[in-house]
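What follows is the content of coords.pdb, which has PDB, C-alpha atoms:
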ATOM      1  CA  MET A   1      39.034  32.879 -80.277  1.00  0.00           C
ATOM      2  CA  ALA A   2      37.549  36.351 -79.861  1.00  0.00           C
ATOM      3  CA  ALA A   3      39.885  39.179 -80.797  1.00  0.00           C
ATOM      4  CA  GLY A   4      39.215  41.272 -77.701  1.00  0.00           C
ATOM      5  CA  SER A   5      39.420  38.519 -75.054  1.00  0.00           C
ATOM      6  CA  SER A   6      42.277  38.364 -72.627  1.00  0.00           C
ATOM      7  CA  THR A   7      43.687  35.329 -70.879  1.00  0.00           C
ATOM      8  CA  GLU A   8      43.364  37.045 -67.482  1.00  0.00           C
ATOM      9  CA  ASP A   9      39.626  36.265 -67.390  1.00  0.00           C
ATOM     10  CA  TYR A  10      40.058  32.496 -67.102  1.00  0.00           C
ATOM     11  CA  PRO A  11      42.727  29.980 -66.011  1.00  0.00           C
ATOM     12  CA  GLN A  12      45.639  28.997 -68.257  1.00  0.00           C
ATOM     13  CA  GLU A  13      44.488  25.324 -68.466  1.00  0.00           C
ATOM     14  CA  ILE A  14      41.205  26.384 -70.030  1.00  0.00           C
ATOM     15  CA  ASP A  15      43.054  28.621 -72.483  1.00  0.00           C
ATOM     16  CA  GLU A  16      45.122  25.629 -73.684  1.00  0.00           C
ATOM     17  CA  GLN A  17      41.999  23.476 -74.038  1.00  0.00           C
ATOM     18  CA  LEU A  18      40.143  26.213 -75.925  1.00  0.00           C
ATOM     19  CA  THR A  19      43.094  26.721 -78.262  1.00  0.00           C
ATOM     20  CA  CYS A  20      43.217  22.973 -78.940  1.00  0.00           C
ATOM     21  CA  PHE A  21      39.436  22.931 -79.486  1.00  0.00           C
ATOM     22  CA  ASP A  22      39.682  25.869 -81.879  1.00  0.00           C
ATOM     23  CA  SER A  23      42.378  24.136 -83.939  1.00  0.00           C
ATOM     24  CA  SER A  24      40.272  20.936 -84.037  1.00  0.00           C
ATOM     25  CA  VAL A  25      37.216  22.825 -85.248  1.00  0.00           C
ATOM     26  CA  THR A  26      39.331  24.549 -87.888  1.00  0.00           C
ATOM     27  CA  SER A  27      40.683  21.218 -89.168  1.00  0.00           C
ATOM     28  CA  ILE A  28      37.139  19.758 -89.256  1.00  0.00           C
ATOM     29  CA  LYS A  29      35.966  22.779 -91.228  1.00  0.00           C
ATOM     30  CA  THR A  30      38.841  22.342 -93.693  1.00  0.00           C
ATOM     31  CA  MET A  31      38.023  18.659 -94.223  1.00  0.00           C
ATOM     32  CA  LEU A  32      34.325  19.366 -94.626  1.00  0.00           C
ATOM     33  CA  ASP A  33      35.059  22.115 -97.146  1.00  0.00           C
ATOM     34  CA  LYS A  34      37.076  19.632 -99.233  1.00  0.00           C
ATOM     35  CA  LEU A  35      34.321  17.047 -98.967  1.00  0.00           C
ATOM     36  CA  MET A  36      31.562  19.500 -99.809  1.00  0.00           C
ATOM     37  CA  SER A  37      33.446  20.981-102.785  1.00  0.00           C
ATOM     38  CA  MET A  38      32.856  17.794-104.806  1.00  0.00           C
ATOM     39  CA  SER A  39      29.440  16.466-105.708  1.00  0.00           C
ATOM     40  CA  LYS A  40      28.576  13.200-104.019  1.00  0.00           C
ATOM     41  CA  ASN A  41      28.030  11.422-107.343  1.00  0.00           C
ATOM     42  CA  ASP A  42      31.496  12.412-108.595  1.00  0.00           C
ATOM     43  CA  LEU A  43      33.021  11.248-105.355  1.00  0.00           C
ATOM     44  CA  LEU A  44      31.170   7.917-105.333  1.00  0.00           C
ATOM     45  CA  GLU A  45      32.106   7.178-108.960  1.00  0.00           C
ATOM     46  CA  LYS A  46      35.764   7.181-107.988  1.00  0.00           C
ATOM     47  CA  LEU A  47      35.292   4.725-105.117  1.00  0.00           C
ATOM     48  CA  ASP A  48      34.654   1.004-105.033  1.00  0.00           C
ATOM     49  CA  PRO A  49      31.591  -0.222-103.063  1.00  0.00           C
ATOM     50  CA  LEU A  50      33.547  -0.943 -99.885  1.00  0.00           C
ATOM     51  CA  ASP A  51      35.061   2.540 -99.866  1.00  0.00           C
ATOM     52  CA  GLN A  52      31.620   4.016-100.572  1.00  0.00           C
ATOM     53  CA  ALA A  53      30.287   2.226 -97.493  1.00  0.00           C
ATOM     54  CA  LYS A  54      33.217   3.521 -95.441  1.00  0.00           C
ATOM     55  CA  LEU A  55      32.571   7.080 -96.633  1.00  0.00           C
ATOM     56  CA  ASP A  56      28.859   6.874 -95.833  1.00  0.00           C
ATOM     57  CA  LEU A  57      29.517   5.429 -92.385  1.00  0.00           C
ATOM     58  CA  MET A  58      32.179   8.017 -91.639  1.00  0.00           C
ATOM     59  CA  SER A  59      29.830  10.810 -92.688  1.00  0.00           C
ATOM     60  CA  ALA A  60      26.955   9.491 -90.589  1.00  0.00           C
ATOM     61  CA  TYR A  61      29.184   8.943 -87.561  1.00  0.00           C
ATOM     62  CA  THR A  62      30.702  12.416 -87.885  1.00  0.00           C
ATOM     63  CA  LEU A  63      27.325  14.139 -88.121  1.00  0.00           C
ATOM     64  CA  ASN A  64      25.949  12.198 -85.186  1.00  0.00           C
ATOM     65  CA  SER A  65      29.049  12.958 -83.117  1.00  0.00           C
ATOM     66  CA  LEU A  66      28.667  16.660 -83.881  1.00  0.00           C
ATOM     67  CA  PHE A  67      25.012  16.440 -82.846  1.00  0.00           C
ATOM     68  CA  TRP A  68      26.158  14.736 -79.611  1.00  0.00           C
ATOM     69  CA  MET A  69      28.437  17.711 -78.957  1.00  0.00           C
ATOM     70  CA  TYR A  70      25.613  20.114 -79.750  1.00  0.00           C
ATOM     71  CA  LEU A  71      23.369  18.382 -77.195  1.00  0.00           C
ATOM     72  CA  VAL A  72      26.110  18.687 -74.579  1.00  0.00           C
ATOM     73  CA  THR A  73      26.454  22.417 -75.258  1.00  0.00           C
ATOM     74  CA  GLN A  74      22.681  22.836 -74.864  1.00  0.00           C
ATOM     75  CA  GLY A  75      22.694  21.090 -71.471  1.00  0.00           C
ATOM     76  CA  VAL A  76      20.940  17.925 -72.687  1.00  0.00           C
ATOM     77  CA  ASN A  77      22.345  14.595 -71.500  1.00  0.00           C
ATOM     78  CA  PRO A  78      23.105  12.750 -74.780  1.00  0.00           C
ATOM     79  CA  ARG A  79      23.222   9.387 -72.964  1.00  0.00           C
ATOM     80  CA  GLU A  80      19.482   9.673 -72.406  1.00  0.00           C
ATOM     81  CA  HIS A  81      18.839  10.841 -75.982  1.00  0.00           C
ATOM     82  CA  GLY A  82      18.271   8.639 -79.043  1.00  0.00           C
ATOM     83  CA  ILE A  83      21.601   9.741 -80.495  1.00  0.00           C
ATOM     84  CA  LYS A  84      23.386   7.185 -78.325  1.00  0.00           C
ATOM     85  CA  GLN A  85      21.555   4.284 -79.974  1.00  0.00           C
ATOM     86  CA  GLU A  86      22.206   5.770 -83.396  1.00  0.00           C
ATOM     87  CA  LEU A  87      25.944   5.998 -82.723  1.00  0.00           C
ATOM     88  CA  GLU A  88      25.973   2.391 -81.490  1.00  0.00           C
ATOM     89  CA  ARG A  89      24.117   1.259 -84.622  1.00  0.00           C
ATOM     90  CA  ILE A  90      26.655   3.018 -86.851  1.00  0.00           C
ATOM     91  CA  ARG A  91      29.521   1.464 -84.861  1.00  0.00           C
ATOM     92  CA  THR A  92      28.124  -2.041 -85.491  1.00  0.00           C
ATOM     93  CA  TYR A  93      28.069  -1.354 -89.223  1.00  0.00           C
ATOM     94  CA  MET A  94      31.598   0.025 -89.036  1.00  0.00           C
ATOM     95  CA  ASN A  95      32.682  -3.219 -87.352  1.00  0.00           C
ATOM     96  CA  ARG A  96      31.023  -5.226 -90.143  1.00  0.00           C
ATOM     97  CA  VAL A  97      32.897  -3.252 -92.776  1.00  0.00           C
ATOM     98  CA  LYS A  98      36.126  -3.756 -90.826  1.00  0.00           C
ATOM     99  CA  GLU A  99      35.525  -7.537 -90.770  1.00  0.00           C
ATOM    100  CA  ILE A 100      35.000  -7.542 -94.525  1.00  0.00           C
ATOM    101  CA  THR A 101      38.182  -5.540 -95.026  1.00  0.00           C
ATOM    102  CA  ASP A 102      40.122  -7.906 -92.759  1.00  0.00           C
ATOM    103  CA  LYS A 103      38.827 -10.937 -94.676  1.00  0.00           C
ATOM    104  CA  LYS A 104      40.063  -9.405 -97.924  1.00  0.00           C
ATOM    105  CA  LYS A 105      43.504  -8.843 -96.421  1.00  0.00           C
ATOM    106  CA  ALA A 106      43.707 -12.319 -94.861  1.00  0.00           C
ATOM    107  CA  ALA A 107      46.257 -14.687 -96.339  1.00  0.00           C
ATOM    108  CA  ARG A 108      44.897 -17.403 -98.592  1.00  0.00           C
ATOM    109  CA  LEU A 109      46.420 -20.843 -98.946  1.00  0.00           C
ATOM    110  CA  ASP A 110      47.760 -21.711-102.361  1.00  0.00           C
ATOM    111  CA  LYS A 111      47.225 -25.469-102.317  1.00  0.00           C
ATOM    112  CA  GLY A 112      49.479 -26.143-105.294  1.00  0.00           C
ATOM    113  CA  ALA A 113      52.377 -24.211-103.799  1.00  0.00           C
ATOM    114  CA  ALA A 114      51.858 -25.851-100.416  1.00  0.00           C
ATOM    115  CA  SER A 115      51.903 -29.354-101.914  1.00  0.00           C
ATOM    116  CA  ARG A 116      55.047 -28.568-103.920  1.00  0.00           C
ATOM    117  CA  PHE A 117      56.672 -27.165-100.808  1.00  0.00           C
ATOM    118  CA  LEU A 118      55.868 -30.279 -98.790  1.00  0.00           C
ATOM    119  CA  ARG A 119      56.880 -32.634-101.596  1.00  0.00           C
ATOM    120  CA  ASN A 120      60.251 -30.900-101.935  1.00  0.00           C
ATOM    121  CA  ALA A 121      60.736 -30.611 -98.195  1.00  0.00           C
ATOM    122  CA  LEU A 122      60.173 -34.349 -97.781  1.00  0.00           C
ATOM    123  CA  TYR A 123      62.304 -35.300-100.805  1.00  0.00           C
ATOM    124  CA  ASP A 124      64.727 -38.161-100.227  1.00  0.00           C
ATOM    125  CA  PRO A 125      67.081 -38.908-103.170  1.00  0.00           C
ATOM    126  CA  GLU A 126      67.604 -42.552-102.077  1.00  0.00           C
ATOM    127  CA  ASP A 127      63.867 -43.225-102.245  1.00  0.00           C
ATOM    128  CA  LYS A 128      63.709 -41.741-105.730  1.00  0.00           C
ATOM    129  CA  ASP A 129      66.621 -43.879-106.990  1.00  0.00           C
ATOM    130  CA  SER A 130      65.133 -47.055-105.546  1.00  0.00           C
ATOM    131  CA  ALA A 131      61.721 -46.213-107.022  1.00  0.00           C
ATOM    132  CA  LYS A 132      63.286 -45.720-110.475  1.00  0.00           C
ATOM    133  CA  LYS A 133      65.165 -49.028-110.234  1.00  0.00           C
ATOM    134  CA  ALA A 134      62.029 -50.869-109.155  1.00  0.00           C
ATOM    135  CA  ALA A 135      60.031 -49.341-111.996  1.00  0.00           C
ATOM    136  CA  SER A 136      62.673 -50.245-114.579  1.00  0.00           C
ATOM    137  CA  LYS A 137      62.928 -53.847-113.280  1.00  0.00           C
ATOM    138  CA  LYS A 138      59.150 -54.163-113.373  1.00  0.00           C
ATOM    139  CA  ALA A 139      59.021 -52.844-116.938  1.00  0.00           C
ATOM    140  CA  ALA A 140      61.807 -55.224-118.051  1.00  0.00           C
ATOM    141  CA  ASN A 141      60.228 -58.298-116.445  1.00  0.00           C
ATOM    142  CA  THR A 142      56.666 -57.856-117.726  1.00  0.00           C
ATOM    143  CA  PRO A 143      56.098 -59.009-121.303  1.00  0.00           C
ATOM    144  CA  SER A 144      54.389 -56.606-123.597  1.00  0.00           C
ATOM    145  CA  ASP A 145      50.994 -58.037-124.485  1.00  0.00           C
ATOM    146  CA  SER A 146      49.794 -54.969-126.282  1.00  0.00           C
ATOM    147  CA  PRO A 147      48.568 -55.683-129.846  1.00  0.00           C
ATOM    148  CA  HIS A 148      49.956 -52.421-131.210  1.00  0.00           C
ATOM    149  CA  SER A 149      53.631 -52.392-130.435  1.00  0.00           C
ATOM    150  CA  LYS A 150      55.653 -49.442-131.570  1.00  0.00           C
ATOM    151  CA  ARG A 151      58.416 -51.469-133.225  1.00  0.00           C
ATOM    152  CA  PRO A 152      57.938 -54.642-135.094  1.00  0.00           C
ATOM    153  CA  LYS A 153      59.878 -57.533-133.670  1.00  0.00           C
ATOM    154  CA  LEU A 154      62.619 -58.881-135.924  1.00  0.00           C
ATOM    155  CA  ASN A 155      63.397 -62.599-135.752  1.00  0.00           C
TER     156      ASN A 155
END
Show me the file's structure as structure tokens.
Amino acid sequence: MAAGSSTEDYPQEIDEQLTCFDSSVTSIKTMLDKLMSMSKNDLLEKLDPLDQAKLDLMSAYTLNSLFWMYLVTQGVNPREHGIKQELERIRTYMNRVKEITDKKKAARLDKGAASRFLRNALYDPEDKDSAKKAASKKAANTPSDSPHSKRPKLN
């Protein structure tokens, strides 16, 4: 705010809004100073492609939003200006990036773990014992016709 201005010239509500606006502009300036202190190549090297896209979209949206505010301060209706379409275009790309991010975070089904879980959840010890008995009876009743037996038969 100007050093020589007094709050008697305008209502208190406007003073609160101007103070809030001033603090917002100061925080934007601080963030932009941090962003501008690094070269873009150095910054992009540290980021993966998805984060690079997010950074580019955020930068474009921020600049276009600031231009929107500039148009308002100059008395131009930004809704009738091409900036509105540009902001909508950037928002669609931001939504695409958000969908990609959500797909990465989505839970994936581990089929092996799911089958083990179901097999163990449906486990019935009586069925297992009866299956073992049936298998052993079947093995005992069927003669071994294989030509290569493991043990020679002794008569």
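We find CA of Arg108 (chain A) and CA of Glu45 (chain A) to be spaced 29.6 Å apart.
In this structure, CA of Asp15 (chain A) sits 22.5 Å away from CA of Thr30 (chain A).
As for CA of Met94 (chain A) and CA of Ala53 (chain A), they are spaced 8.8 Å apart.
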Shortest interatomic distance to Gln85 (chain A) - which of A:Gly112, A:Ser65, A:Glu13, A:Asn120, counting only C-alpha atoms: A:Ser65
Residues near Leu50 (chain A), cut-off 10 Å, all atoms listed in the file, skip fewer than 6 positions along chain, as a PyMOL selection string: chain A and resi 56+97-98+100-101
